[in-house]
$ cat my_file.cif   # mmCIF, C-alpha atoms; chains and numbers go by the auth columns
data_structure
loop_
_atom_site.group_PDB
_atom_site.id
_atom_site.type_symbol
_atom_site.label_atom_id
_atom_site.label_comp_id
_atom_site.label_asym_id
_atom_site.label_seq_id
_atom_site.Cartn_x
_atom_site.Cartn_y
_atom_site.Cartn_z
_atom_site.B_iso_or_equiv
_atom_site.auth_seq_id
_atom_site.auth_asym_id
ATOM 1 C CA MET A 1 -13.337 7.142 4.435 0.00 1 A
ATOM 2 C CA ALA A 2 -10.517 9.100 6.036 0.00 2 A
ATOM 3 C CA ALA A 3 -11.375 12.697 6.861 0.00 3 A
ATOM 4 C CA ALA A 4 -7.905 13.759 5.729 0.00 4 A
ATOM 5 C CA VAL A 5 -8.428 12.203 2.300 0.00 5 A
ATOM 6 C CA VAL A 6 -11.782 13.949 1.941 0.00 6 A
ATOM 7 C CA SER A 7 -10.152 17.250 2.901 0.00 7 A
ATOM 8 C CA GLU A 8 -7.461 16.729 0.265 0.00 8 A
ATOM 9 C CA GLU A 9 -10.010 15.985 -2.429 0.00 9 A
ATOM 10 C CA ARG A 10 -12.154 18.968 -1.434 0.00 10 A
ATOM 11 C CA SER A 11 -9.036 21.137 -1.730 0.00 11 A
ATOM 12 C CA ALA A 12 -8.475 19.645 -5.172 0.00 12 A
ATOM 13 C CA GLY A 13 -11.922 20.801 -6.249 0.00 13 A
ATOM 14 C CA ARG A 14 -13.968 17.619 -5.764 0.00 14 A
ATOM 15 C CA THR A 15 -17.624 18.262 -5.118 0.00 15 A
ATOM 16 C CA TRP A 16 -19.592 16.813 -2.212 0.00 16 A
ATOM 17 C CA SER A 17 -21.705 14.878 -4.703 0.00 17 A
ATOM 18 C CA GLU A 18 -18.592 13.187 -6.138 0.00 18 A
ATOM 19 C CA ILE A 19 -17.320 12.302 -2.672 0.00 19 A
ATOM 20 C CA ALA A 20 -20.755 10.958 -1.727 0.00 20 A
ATOM 21 C CA VAL A 21 -20.653 8.565 -4.705 0.00 21 A
ATOM 22 C CA VAL A 22 -17.433 6.980 -3.430 0.00 22 A
ATOM 23 C CA ALA A 23 -18.672 6.717 0.141 0.00 23 A
ATOM 24 C CA GLY A 24 -22.058 5.263 -0.808 0.00 24 A
ATOM 25 C CA LEU A 25 -23.833 8.162 0.911 0.00 25 A
ATOM 26 C CA THR A 26 -26.130 10.978 -0.063 0.00 26 A
ATOM 27 C CA GLU A 27 -24.569 14.385 -0.555 0.00 27 A
ATOM 28 C CA GLY A 28 -26.171 15.574 2.690 0.00 28 A
ATOM 29 C CA GLN A 29 -24.774 12.640 4.633 0.00 29 A
ATOM 30 C CA ALA A 30 -21.278 13.230 3.250 0.00 30 A
ATOM 31 C CA ARG A 31 -21.430 16.894 4.213 0.00 31 A
ATOM 32 C CA ALA A 32 -22.652 16.022 7.701 0.00 32 A
ATOM 33 C CA ARG A 33 -19.918 13.426 8.241 0.00 33 A
ATOM 34 C CA TRP A 34 -16.904 15.330 6.913 0.00 34 A
ATOM 35 C CA GLY A 35 -17.903 18.946 6.551 0.00 35 A
ATOM 36 C CA GLY A 36 -18.449 19.954 10.159 0.00 36 A
ATOM 37 C CA ALA A 37 -16.391 21.624 12.840 0.00 37 A
ATOM 38 C CA ARG A 38 -15.541 18.314 14.531 0.00 38 A
ATOM 39 C CA THR A 39 -13.786 17.047 11.410 0.00 39 A
ATOM 40 C CA ALA A 40 -11.868 20.306 11.115 0.00 40 A
ATOM 41 C CA GLN A 41 -10.742 19.970 14.715 0.00 41 A
ATOM 42 C CA ARG A 42 -9.564 16.406 14.112 0.00 42 A
ATOM 43 C CA LEU A 43 -7.557 17.475 11.097 0.00 43 A
ATOM 44 C CA SER A 44 -6.016 20.461 12.840 0.00 44 A
ATOM 45 C CA ALA A 45 -4.974 18.154 15.676 0.00 45 A
ATOM 46 C CA ARG A 46 -3.487 15.807 13.053 0.00 46 A
ATOM 47 C CA GLU A 47 -5.434 12.852 14.433 0.00 47 A
ATOM 48 C CA PRO A 48 -5.309 10.089 11.830 0.00 48 A
ATOM 49 C CA ALA A 49 -8.553 8.414 10.870 0.00 49 A
ATOM 50 C CA PRO A 50 -8.582 4.682 11.741 0.00 50 A
ATOM 51 C CA TRP A 51 -7.696 3.545 8.243 0.00 51 A
ATOM 52 C CA ALA A 52 -6.144 6.669 6.722 0.00 52 A
ATOM 53 C CA ARG A 53 -3.069 4.964 5.377 0.00 53 A
ATOM 54 C CA GLN A 54 -0.589 5.485 2.605 0.00 54 A
ATOM 55 C CA PRO A 55 -0.878 3.355 -0.555 0.00 55 A
ATOM 56 C CA ASP A 56 1.986 1.121 0.616 0.00 56 A
ATOM 57 C CA GLY A 57 0.067 0.295 3.795 0.00 57 A
ATOM 58 C CA THR A 58 2.389 2.102 6.180 0.00 58 A
ATOM 59 C CA ASP A 59 1.273 4.481 8.900 0.00 59 A
ATOM 60 C CA ALA A 60 3.652 5.974 11.413 0.00 60 A
ATOM 61 C CA HIS A 61 0.865 6.385 13.974 0.00 61 A
ATOM 62 C CA ALA A 62 -0.970 3.090 13.489 0.00 62 A
ATOM 63 C CA SER A 63 0.992 0.946 15.912 0.00 63 A
ATOM 64 C CA ARG A 64 0.531 3.538 18.656 0.00 64 A
ATOM 65 C CA THR A 65 -3.055 4.693 18.123 0.00 65 A
ATOM 66 C CA ALA A 66 -5.089 2.025 16.349 0.00 66 A
ATOM 67 C CA PRO A 67 -6.715 -0.760 18.360 0.00 67 A
ATOM 68 C CA PRO A 68 -6.455 -4.257 16.868 0.00 68 A
ATOM 69 C CA ALA A 69 -9.850 -4.143 15.120 0.00 69 A
ATOM 70 C CA ALA A 70 -9.159 -0.762 13.527 0.00 70 A
ATOM 71 C CA GLN A 71 -5.661 -1.886 12.551 0.00 71 A
ATOM 72 C CA ARG A 72 -7.090 -4.997 10.909 0.00 72 A
ATOM 73 C CA THR A 73 -9.596 -2.903 8.957 0.00 73 A
ATOM 74 C CA SER A 74 -6.827 -0.566 7.842 0.00 74 A
ATOM 75 C CA ASP A 75 -4.567 -3.415 6.768 0.00 75 A
ATOM 76 C CA ALA A 76 -7.396 -5.088 4.861 0.00 76 A
ATOM 77 C CA ALA A 77 -8.209 -1.855 3.004 0.00 77 A
ATOM 78 C CA SER A 78 -4.559 -1.591 1.975 0.00 78 A
ATOM 79 C CA ALA A 79 -4.461 -5.275 1.003 0.00 79 A
ATOM 80 C CA LEU A 80 -7.649 -4.936 -1.039 0.00 80 A
ATOM 81 C CA GLY A 81 -6.093 -2.012 -2.880 0.00 81 A
ATOM 82 C CA ARG A 82 -2.899 -3.976 -3.512 0.00 82 A
ATOM 83 C CA ALA A 83 -4.867 -6.947 -4.858 0.00 83 A
ATOM 84 C CA LEU A 84 -6.738 -4.677 -7.251 0.00 84 A
ATOM 85 C CA ARG A 85 -3.483 -3.043 -8.342 0.00 85 A
ATOM 86 C CA THR A 86 -2.011 -6.480 -9.038 0.00 86 A
ATOM 87 C CA LEU A 87 -4.936 -7.232 -11.334 0.00 87 A
ATOM 88 C CA ARG A 88 -4.572 -3.836 -12.981 0.00 88 A
ATOM 89 C CA GLU A 89 -0.907 -4.492 -13.749 0.00 89 A
ATOM 90 C CA HIS A 90 -1.957 -7.360 -15.997 0.00 90 A
ATOM 91 C CA THR A 91 -4.599 -5.378 -17.865 0.00 91 A
ATOM 92 C CA LYS A 92 -2.672 -2.071 -18.012 0.00 92 A
ATOM 93 C CA ALA A 93 -6.017 -0.309 -17.582 0.00 93 A
ATOM 94 C CA GLY A 94 -5.857 3.370 -16.669 0.00 94 A
ATOM 95 C CA PHE A 95 -7.954 5.079 -14.005 0.00 95 A
ATOM 96 C CA GLU A 96 -9.923 6.968 -16.646 0.00 96 A
ATOM 97 C CA ASP A 97 -10.763 3.817 -18.619 0.00 97 A
ATOM 98 C CA LEU A 98 -11.767 1.900 -15.498 0.00 98 A
ATOM 99 C CA ALA A 99 -13.841 4.819 -14.261 0.00 99 A
ATOM 100 C CA ALA A 100 -15.680 5.123 -17.557 0.00 100 A
ATOM 101 C CA GLU A 101 -16.545 1.425 -17.654 0.00 101 A
ATOM 102 C CA ALA A 102 -17.497 1.269 -13.977 0.00 102 A
ATOM 103 C CA GLY A 103 -19.489 4.499 -14.019 0.00 103 A
ATOM 104 C CA MET A 104 -17.311 6.044 -11.293 0.00 104 A
ATOM 105 C CA PRO A 105 -15.244 9.225 -10.994 0.00 105 A
ATOM 106 C CA ALA A 106 -11.611 8.572 -11.888 0.00 106 A
ATOM 107 C CA PHE A 107 -10.429 9.853 -8.518 0.00 107 A
ATOM 108 C CA ALA A 108 -12.732 7.331 -6.807 0.00 108 A
ATOM 109 C CA VAL A 109 -11.110 4.440 -8.664 0.00 109 A
ATOM 110 C CA ARG A 110 -7.718 5.771 -7.620 0.00 110 A
ATOM 111 C CA TRP A 111 -8.804 5.939 -3.976 0.00 111 A
ATOM 112 C CA VAL A 112 -9.967 2.328 -4.017 0.00 112 A
ATOM 113 C CA LEU A 113 -6.834 1.000 -5.721 0.00 113 A
ATOM 114 C CA GLU A 114 -4.627 2.938 -3.312 0.00 114 A
ATOM 115 C CA GLY A 115 -6.469 1.529 -0.299 0.00 115 A
ATOM 116 C CA LYS A 116 -7.774 4.948 0.752 0.00 116 A
ATOM 117 C CA ALA A 117 -11.452 4.097 0.379 0.00 117 A
ATOM 118 C CA VAL A 118 -13.630 1.013 0.760 0.00 118 A
ATOM 119 C CA VAL A 119 -16.636 1.101 -1.527 0.00 119 A
ATOM 120 C CA PRO A 120 -19.713 -1.178 -1.587 0.00 120 A
ATOM 121 C CA TRP A 121 -19.216 -4.776 -2.680 0.00 121 A
ATOM 122 C CA THR A 122 -21.128 -4.262 -5.924 0.00 122 A
ATOM 123 C CA THR A 123 -18.550 -1.656 -6.940 0.00 123 A
ATOM 124 C CA VAL A 124 -15.601 -3.890 -5.999 0.00 124 A
ATOM 125 C CA PHE A 125 -17.245 -6.757 -7.889 0.00 125 A
ATOM 126 C CA THR A 126 -17.493 -4.571 -10.992 0.00 126 A
ATOM 127 C CA LEU A 127 -13.886 -3.406 -10.758 0.00 127 A
ATOM 128 C CA VAL A 128 -12.555 -6.948 -10.307 0.00 128 A
ATOM 129 C CA HIS A 129 -14.615 -8.147 -13.252 0.00 129 A
ATOM 130 C CA LEU A 130 -13.334 -5.302 -15.446 0.00 130 A
ATOM 131 C CA LEU A 131 -9.770 -6.135 -14.398 0.00 131 A
ATOM 132 C CA GLY A 132 -10.188 -9.771 -15.419 0.00 132 A
ATOM 133 C CA GLY A 133 -10.154 -11.223 -11.905 0.00 133 A
ATOM 134 C CA HIS A 134 -12.489 -13.416 -9.898 0.00 134 A
ATOM 135 C CA PRO A 135 -14.592 -11.364 -7.448 0.00 135 A
ATOM 136 C CA ALA A 136 -14.842 -14.252 -4.972 0.00 136 A
ATOM 137 C CA ASP A 137 -11.058 -14.091 -4.456 0.00 137 A
ATOM 138 C CA LEU A 138 -11.335 -10.570 -3.028 0.00 138 A
ATOM 139 C CA ARG A 139 -14.516 -11.076 -1.019 0.00 139 A
ATOM 140 C CA LEU A 140 -12.783 -11.900 2.277 0.00 140 A
ATOM 141 C CA LEU A 141 -10.500 -8.873 1.951 0.00 141 A
ATOM 142 C CA TRP A 142 -13.504 -6.653 1.303 0.00 142 A
ATOM 143 C CA GLU A 143 -15.484 -8.091 4.228 0.00 143 A
ATOM 144 C CA THR A 144 -12.605 -7.341 6.589 0.00 144 A
ATOM 145 C CA ALA A 145 -11.930 -3.889 5.146 0.00 145 A
ATOM 146 C CA SER A 146 -15.601 -2.895 5.260 0.00 146 A
ATOM 147 C CA LYS A 147 -16.219 -4.521 8.660 0.00 147 A
ATOM 148 C CA SER A 148 -19.083 -6.480 7.143 0.00 148 A
ATOM 149 C CA VAL A 149 -20.444 -9.550 8.861 0.00 149 A
ATOM 150 C CA PRO A 150 -18.777 -12.504 7.089 0.00 150 A
ATOM 151 C CA ARG A 151 -21.097 -14.716 5.076 0.00 151 A
ATOM 152 C CA LEU A 152 -19.992 -18.301 5.512 0.00 152 A
ATOM 153 C CA PRO A 153 -21.125 -20.623 2.733 0.00 153 A
ATOM 154 C CA ASP A 154 -22.698 -24.017 3.272 0.00 154 A
ATOM 155 C CA ALA A 155 -20.336 -26.786 4.367 0.00 155 A
ATOM 156 C CA PRO A 156 -19.653 -28.235 0.883 0.00 156 A
ATOM 157 C CA TYR A 157 -18.321 -24.852 -0.259 0.00 157 A
ATOM 158 C CA LEU A 158 -16.142 -23.919 2.720 0.00 158 A
ATOM 159 C CA ALA A 159 -12.952 -25.306 1.167 0.00 159 A
ATOM 160 C CA ASP A 160 -13.533 -23.216 -1.950 0.00 160 A
ATOM 161 C CA HIS A 161 -14.216 -20.190 0.259 0.00 161 A
ATOM 162 C CA LEU A 162 -10.908 -20.638 2.097 0.00 162 A
ATOM 163 C CA ALA A 163 -9.039 -21.147 -1.164 0.00 163 A
ATOM 164 C CA ALA A 164 -10.567 -17.962 -2.599 0.00 164 A
ATOM 165 C CA GLY A 165 -9.375 -16.051 0.466 0.00 165 A
ATOM 166 C CA LEU A 166 -5.874 -17.446 -0.023 0.00 166 A
ATOM 167 C CA ARG A 167 -5.895 -16.401 -3.672 0.00 167 A
ATOM 168 C CA GLY A 168 -6.912 -12.906 -2.578 0.00 168 A
ATOM 169 C CA ALA A 169 -4.012 -12.818 -0.124 0.00 169 A
ATOM 170 C CA ARG A 170 -1.731 -13.968 -2.916 0.00 170 A
ATOM 171 C CA LEU A 171 -2.950 -11.122 -5.139 0.00 171 A
ATOM 172 C CA ALA A 172 -2.354 -8.643 -2.307 0.00 172 A
ATOM 173 C CA ALA A 173 1.207 -9.994 -2.076 0.00 173 A
ATOM 174 C CA GLY A 174 1.763 -9.251 -5.758 0.00 174 A
ATOM 175 C CA HIS A 175 0.789 -12.720 -7.021 0.00 175 A
ATOM 176 C CA PRO A 176 4.094 -14.539 -6.459 0.00 176 A
ATOM 177 C CA ALA A 177 4.804 -17.487 -8.723 0.00 177 A
ATOM 178 C CA ALA A 178 3.230 -20.767 -7.660 0.00 178 A
ATOM 179 C CA ALA A 179 6.623 -22.441 -7.524 0.00 179 A
ATOM 180 C CA SER A 180 7.770 -19.985 -4.846 0.00 180 A
ATOM 181 C CA ILE A 181 4.852 -20.813 -2.533 0.00 181 A
ATOM 182 C CA CYS A 182 5.381 -24.087 -0.760 0.00 182 A
ATOM 183 C CA LEU A 183 3.908 -24.904 2.622 0.00 183 A
ATOM 184 C CA PRO A 184 6.357 -26.642 4.982 0.00 184 A
ATOM 185 C CA GLY A 185 5.924 -30.386 4.577 0.00 185 A
ATOM 186 C CA PHE A 186 3.702 -29.978 1.510 0.00 186 A
ATOM 187 C CA SER A 187 4.665 -30.894 -2.018 0.00 187 A
ATOM 188 C CA GLN A 188 4.109 -28.405 -4.823 0.00 188 A
ATOM 189 C CA ALA A 189 1.112 -30.427 -5.972 0.00 189 A
ATOM 190 C CA GLU A 190 -0.376 -30.302 -2.462 0.00 190 A
ATOM 191 C CA THR A 191 0.264 -26.559 -2.232 0.00 191 A
ATOM 192 C CA ASP A 192 -1.507 -26.077 -5.559 0.00 192 A
ATOM 193 C CA ALA A 193 -4.405 -28.127 -4.176 0.00 193 A
ATOM 194 C CA VAL A 194 -4.645 -25.787 -1.168 0.00 194 A
ATOM 195 C CA PHE A 195 -4.972 -22.758 -3.435 0.00 195 A
ATOM 196 C CA ASP A 196 -7.643 -24.323 -5.622 0.00 196 A
ATOM 197 C CA GLY A 197 -9.739 -25.724 -2.785 0.00 197 A
ATOM 198 C CA ARG A 198 -9.001 -29.429 -3.121 0.00 198 A
ATOM 199 C CA LEU A 199 -7.075 -29.552 0.167 0.00 199 A
ATOM 200 C CA VAL A 200 -7.513 -27.630 3.435 0.00 200 A
ATOM 201 C CA PRO A 201 -4.362 -27.704 5.598 0.00 201 A
ATOM 202 C CA ASP A 202 -4.303 -27.757 9.378 0.00 202 A
ATOM 203 C CA TRP A 203 -4.464 -24.390 11.131 0.00 203 A
ATOM 204 C CA LYS A 204 -0.710 -24.148 11.762 0.00 204 A
ATOM 205 C CA ALA A 205 0.141 -24.747 8.104 0.00 205 A
ATOM 206 C CA LEU A 206 -2.527 -22.292 6.978 0.00 206 A
ATOM 207 C CA CYS A 207 -1.086 -19.625 9.290 0.00 207 A
ATOM 208 C CA GLU A 208 2.393 -20.284 7.935 0.00 208 A
ATOM 209 C CA VAL A 209 1.393 -19.698 4.334 0.00 209 A
ATOM 210 C CA LEU A 210 -0.579 -16.596 5.326 0.00 210 A
ATOM 211 C CA GLN A 211 2.468 -15.309 7.194 0.00 211 A
ATOM 212 C CA TRP A 212 4.555 -15.950 4.095 0.00 212 A
ATOM 213 C CA LEU A 213 2.038 -13.839 2.139 0.00 213 A
ATOM 214 C CA ASP A 214 2.103 -11.173 4.878 0.00 214 A
ATOM 215 C CA ALA A 215 -1.641 -11.687 5.407 0.00 215 A
ATOM 216 C CA ASP A 216 -3.719 -11.604 8.582 0.00 216 A
ATOM 217 C CA PRO A 217 -4.966 -15.081 9.597 0.00 217 A
ATOM 218 C CA GLU A 218 -7.803 -13.724 11.758 0.00 218 A
ATOM 219 C CA PRO A 219 -10.437 -13.533 8.945 0.00 219 A
ATOM 220 C CA PHE A 220 -9.683 -17.174 8.093 0.00 220 A
ATOM 221 C CA LYS A 221 -10.435 -18.500 11.574 0.00 221 A
ATOM 222 C CA ALA A 222 -14.223 -18.780 11.268 0.00 222 A
ATOM 223 C CA PRO A 223 -14.322 -20.507 7.852 0.00 223 A
ATOM 224 C CA TRP A 224 -11.460 -22.839 8.786 0.00 224 A
ATOM 225 C CA ALA A 225 -13.167 -23.809 12.073 0.00 225 A
ATOM 226 C CA ALA A 226 -16.485 -24.314 10.283 0.00 226 A
ATOM 227 C CA HIS A 227 -14.794 -26.561 7.723 0.00 227 A
ATOM 228 C CA ARG A 228 -13.087 -28.586 10.434 0.00 228 A
ATOM 229 C CA ALA A 229 -16.379 -28.948 12.363 0.00 229 A
ATOM 230 C CA ALA A 230 -18.156 -30.100 9.197 0.00 230 A
ATOM 231 C CA GLN A 231 -15.430 -32.697 8.602 0.00 231 A
ATOM 232 C CA GLU A 232 -15.705 -34.028 12.149 0.00 232 A
ATOM 233 C CA GLN A 233 -19.475 -34.200 11.911 0.00 233 A
ATOM 234 C CA GLY A 234 -19.165 -36.095 8.646 0.00 234 A
ATOM 235 C CA ARG A 235 -16.803 -38.615 10.237 0.00 235 A
ATOM 236 C CA ARG A 236 -19.123 -39.166 13.192 0.00 236 A
ATOM 237 C CA SER A 237 -22.100 -39.781 10.939 0.00 237 A
ATOM 238 C CA THR A 238 -20.326 -42.493 8.896 0.00 238 A
#

$ encode --input "my_file.cif" --output "structure tokens"
Amino acid sequence: MAAAVVSEERSAGRTWSEIAVVAGLTEGQARARWGGARTAQRLSAREPAPWARQPDGTDAHASRTAPPAAQRTSDAASALGRALRTLREHTKAGFEDLAAEAGMPAFAVRWVLEGKAVVPWTTVFTLVHLLGGHPADLRLLWETASKSVPRLPDAPYLADHLAAGLRGARLAAGHPAAASICLPGFSQAETDAVFDGRLVPDWKALCEVLQWLDADPEPFKAPWAAHRAAQEQGRRST
């Protein structure tokens, strides 16, 4: 959680217990992390937290100050928020309604949907479910945003895992119409098959569609390589 965001919410009257709920910490831990002199010094020096970004994902300082890993985390938090906002646009659910159903403070829901906070997976799962989406589609975004160790599925499910990640990237891009997404050299039917897990393209083609969606290919490397290795092993054993 960005120290600047916490400072803003404290100024707006949020209690430490409310902030702790969003961060998945105890009240004492939240106070220790963001209530001390060191945090005040950071804020007075206007040092941006690694993923303290605006809702549109822009950050004037990011390209100069954030190392690649921190930048990736920041981008994923913004993308996760955008994907959730895309789902919300279809349900027209308000922050208050979502908060009531999810058992969260309304400001916490706003933080998450604006990409200002990354909450535990169980909370994201609940929000996606309430918004009518498929939690698996946002899992890869959440893993990158939260810096969690990716959980690769067994070989038979790797294609579905990759397709879910692509659907999450599509949501983060505003869910463009299927007809507008066509991989170079792929028919529309083949492109549809990529997004539903029936076809895994080569790495270059996968990167091209991710670039089209303005998504980072790095989180896709491990599952794609695992799928390719499983395919090669299967061919050798036949």

$ closest_atom_pairs --input "my_file.cif" --of "region 92-139 of chain A" --to "region 74-78 of chain A" --cutoff "8 Å" --atoms "only C-alpha atoms" --output "JSON lines"
{"residue": "A:Glu114", "atom": "CA", "partner": "A:Ser78", "partner_atom": "CA", "distance": 7.0}
{"residue": "A:Gly115", "atom": "CA", "partner": "A:Ser78", "partner_atom": "CA", "distance": 4.3}
{"residue": "A:Lys116", "atom": "CA", "partner": "A:Ala77", "partner_atom": "CA", "distance": 7.2}
{"residue": "A:Ala117", "atom": "CA", "partner": "A:Ala77", "partner_atom": "CA", "distance": 7.3}
{"residue": "A:Val118", "atom": "CA", "partner": "A:Ala77", "partner_atom": "CA", "distance": 6.5}

$ closest_residue --input "my_file.cif" --among "A:Leu127, A:Val200, A:Val194, A:Ala93" --to "His227 (chain A)" --atoms "all atoms listed in the file"
A:Val200

$ closest_residue --input "my_file.cif" --among "A:Pro120, A:Gly81, A:Pro150, A:Pro156" --to "Ala169 (chain A)" --atoms "only C-alpha atoms"
A:Gly81

$ closest_residue --input "my_file.cif" --among "A:Val109, A:Leu162, A:Leu199, A:Ala229" --to "Asp97 (chain A)" --atoms "only C-alpha atoms"
A:Val109

$ resolve_selection --input "my_file.cif" --expression "the PyMOL selection byres ((chain A and resi 212) around 12)" --output "list in words"
Leu166, Ala169, Arg170, Ala172, Ala173, Pro176, Ser180, Ile181, Cys182, Leu183, Pro184, Ala205, Leu206, Cys207, Glu208, Val209, Leu210, Gln211, Leu213, Asp214, Ala215, Asp216 and Pro217 of chain A

$ closest_residue --input "my_file.cif" --among "A:Ala79, A:Leu131, A:Ala225, A:Ala230" --to "Trp203 (chain A)" --atoms "only C-alpha atoms"
A:Ala225

$ resolve_selection --input "my_file.cif" --expression "the PyMOL selection byres ((chain A and resi 163) around 6)" --output "list in words"
Asp160, His161, Leu162, Ala164, Gly165, Leu166, Phe195, Asp196 and Gly197 of chain A

$ closest_residue --input "my_file.cif" --among "A:Ala178, A:Ala136, A:Ala226, A:Ile19" --to "Val124 (chain A)" --atoms "only C-alpha atoms"
A:Ala136

$ axis_aligned_box --input "my_file.cif" --around "region 142-159 of chain A" --padding-each-side "3 Å" --output "lines of an AutoDock Vina configuration file"
center_x = -17.3
center_y = -15.6
center_z = 4.3
size_x = 16.8
size_y = 31.3
size_z = 15.1

$ atom_distance --input "my_file.cif" --atom1 "CA of Lys204 (chain A)" --atom2 "CA of Arg235 (chain A)"
21.7 Å

$ closest_residue --input "my_file.cif" --among "A:Leu130, A:Leu80, A:Ala177, A:Ala106" --to "Lys92 (chain A)" --atoms "only C-alpha atoms"
A:Leu130

$ atom_distance --input "my_file.cif" --atom1 "CA of Glu232 (chain A)" --atom2 "CA of Asp202 (chain A)"
13.3 Å

$ atom_distance --input "my_file.cif" --atom1 "CA of His129 (chain A)" --atom2 "CA of Arg72 (chain A)"
25.5 Å

$ decode --input "my_file.cif" --residues "region 144-150 of chain A" --atoms "all heavy atoms" --output "PDB file, in the first residue's frame"
ATOM      1  N   THR A 144       1.008 -11.166  -9.977  1.00  0.00           N
ATOM      2  CA  THR A 144       2.051 -10.210 -10.319  1.00  0.00           C
ATOM      3  C   THR A 144       1.965  -8.963  -9.442  1.00  0.00           C
ATOM      4  O   THR A 144       2.976  -8.465  -8.946  1.00  0.00           O
ATOM      5  CB  THR A 144       1.943  -9.805 -11.795  1.00  0.00           C
ATOM      6  OG1 THR A 144       1.921 -10.992 -12.608  1.00  0.00           O
ATOM      7  CG2 THR A 144       3.121  -8.950 -12.223  1.00  0.00           C
ATOM      8  N   ALA A 145       0.748  -8.469  -9.234  1.00  0.00           N
ATOM      9  CA  ALA A 145       0.567  -7.261  -8.434  1.00  0.00           C
ATOM     10  C   ALA A 145       0.949  -7.476  -6.973  1.00  0.00           C
ATOM     11  O   ALA A 145       1.463  -6.570  -6.312  1.00  0.00           O
ATOM     12  CB  ALA A 145      -0.879  -6.784  -8.526  1.00  0.00           C
ATOM     13  N   SER A 146       0.703  -8.666  -6.459  1.00  0.00           N
ATOM     14  CA  SER A 146       0.978  -8.950  -5.049  1.00  0.00           C
ATOM     15  C   SER A 146       2.360  -9.556  -4.829  1.00  0.00           C
ATOM     16  O   SER A 146       2.745  -9.840  -3.697  1.00  0.00           O
ATOM     17  CB  SER A 146      -0.078  -9.908  -4.494  1.00  0.00           C
ATOM     18  OG  SER A 146      -0.007 -11.166  -5.150  1.00  0.00           O
ATOM     19  N   LYS A 147       3.082  -9.776  -5.935  1.00  0.00           N
ATOM     20  CA  LYS A 147       4.413 -10.398  -5.882  1.00  0.00           C
ATOM     21  C   LYS A 147       4.358 -11.779  -5.239  1.00  0.00           C
ATOM     22  O   LYS A 147       5.278 -12.195  -4.549  1.00  0.00           O
ATOM     23  CB  LYS A 147       5.410  -9.494  -5.157  1.00  0.00           C
ATOM     24  CG  LYS A 147       5.668  -8.180  -5.872  1.00  0.00           C
ATOM     25  CD  LYS A 147       6.745  -7.361  -5.207  1.00  0.00           C
ATOM     26  CE  LYS A 147       6.231  -6.711  -3.938  1.00  0.00           C
ATOM     27  NZ  LYS A 147       7.204  -5.742  -3.386  1.00  0.00           N
ATOM     28  N   SER A 148       3.263 -12.478  -5.470  1.00  0.00           N
ATOM     29  CA  SER A 148       3.126 -13.839  -4.962  1.00  0.00           C
ATOM     30  C   SER A 148       3.873 -14.812  -5.873  1.00  0.00           C
ATOM     31  O   SER A 148       4.063 -14.551  -7.061  1.00  0.00           O
ATOM     32  CB  SER A 148       1.650 -14.249  -4.917  1.00  0.00           C
ATOM     33  OG  SER A 148       0.936 -13.415  -4.030  1.00  0.00           O
ATOM     34  N   VAL A 149       4.283 -15.904  -5.305  1.00  0.00           N
ATOM     35  CA  VAL A 149       4.940 -16.945  -6.101  1.00  0.00           C
ATOM     36  C   VAL A 149       3.878 -17.596  -6.981  1.00  0.00           C
ATOM     37  O   VAL A 149       2.872 -18.096  -6.473  1.00  0.00           O
ATOM     38  CB  VAL A 149       5.604 -17.998  -5.199  1.00  0.00           C
ATOM     39  CG1 VAL A 149       6.221 -19.106  -6.050  1.00  0.00           C
ATOM     40  CG2 VAL A 149       6.656 -17.349  -4.308  1.00  0.00           C
ATOM     41  N   PRO A 150       4.050 -17.555  -8.315  1.00  0.00           N
ATOM     42  CA  PRO A 150       3.032 -18.134  -9.197  1.00  0.00           C
ATOM     43  C   PRO A 150       2.805 -19.617  -8.914  1.00  0.00           C
ATOM     44  O   PRO A 150       3.742 -20.354  -8.613  1.00  0.00           O
ATOM     45  CB  PRO A 150       3.634 -17.939 -10.604  1.00  0.00           C
ATOM     46  CG  PRO A 150       4.619 -16.838 -10.445  1.00  0.00           C
ATOM     47  CD  PRO A 150       5.168 -16.980  -9.064  1.00  0.00           C
TER      48      PRO A 150
END
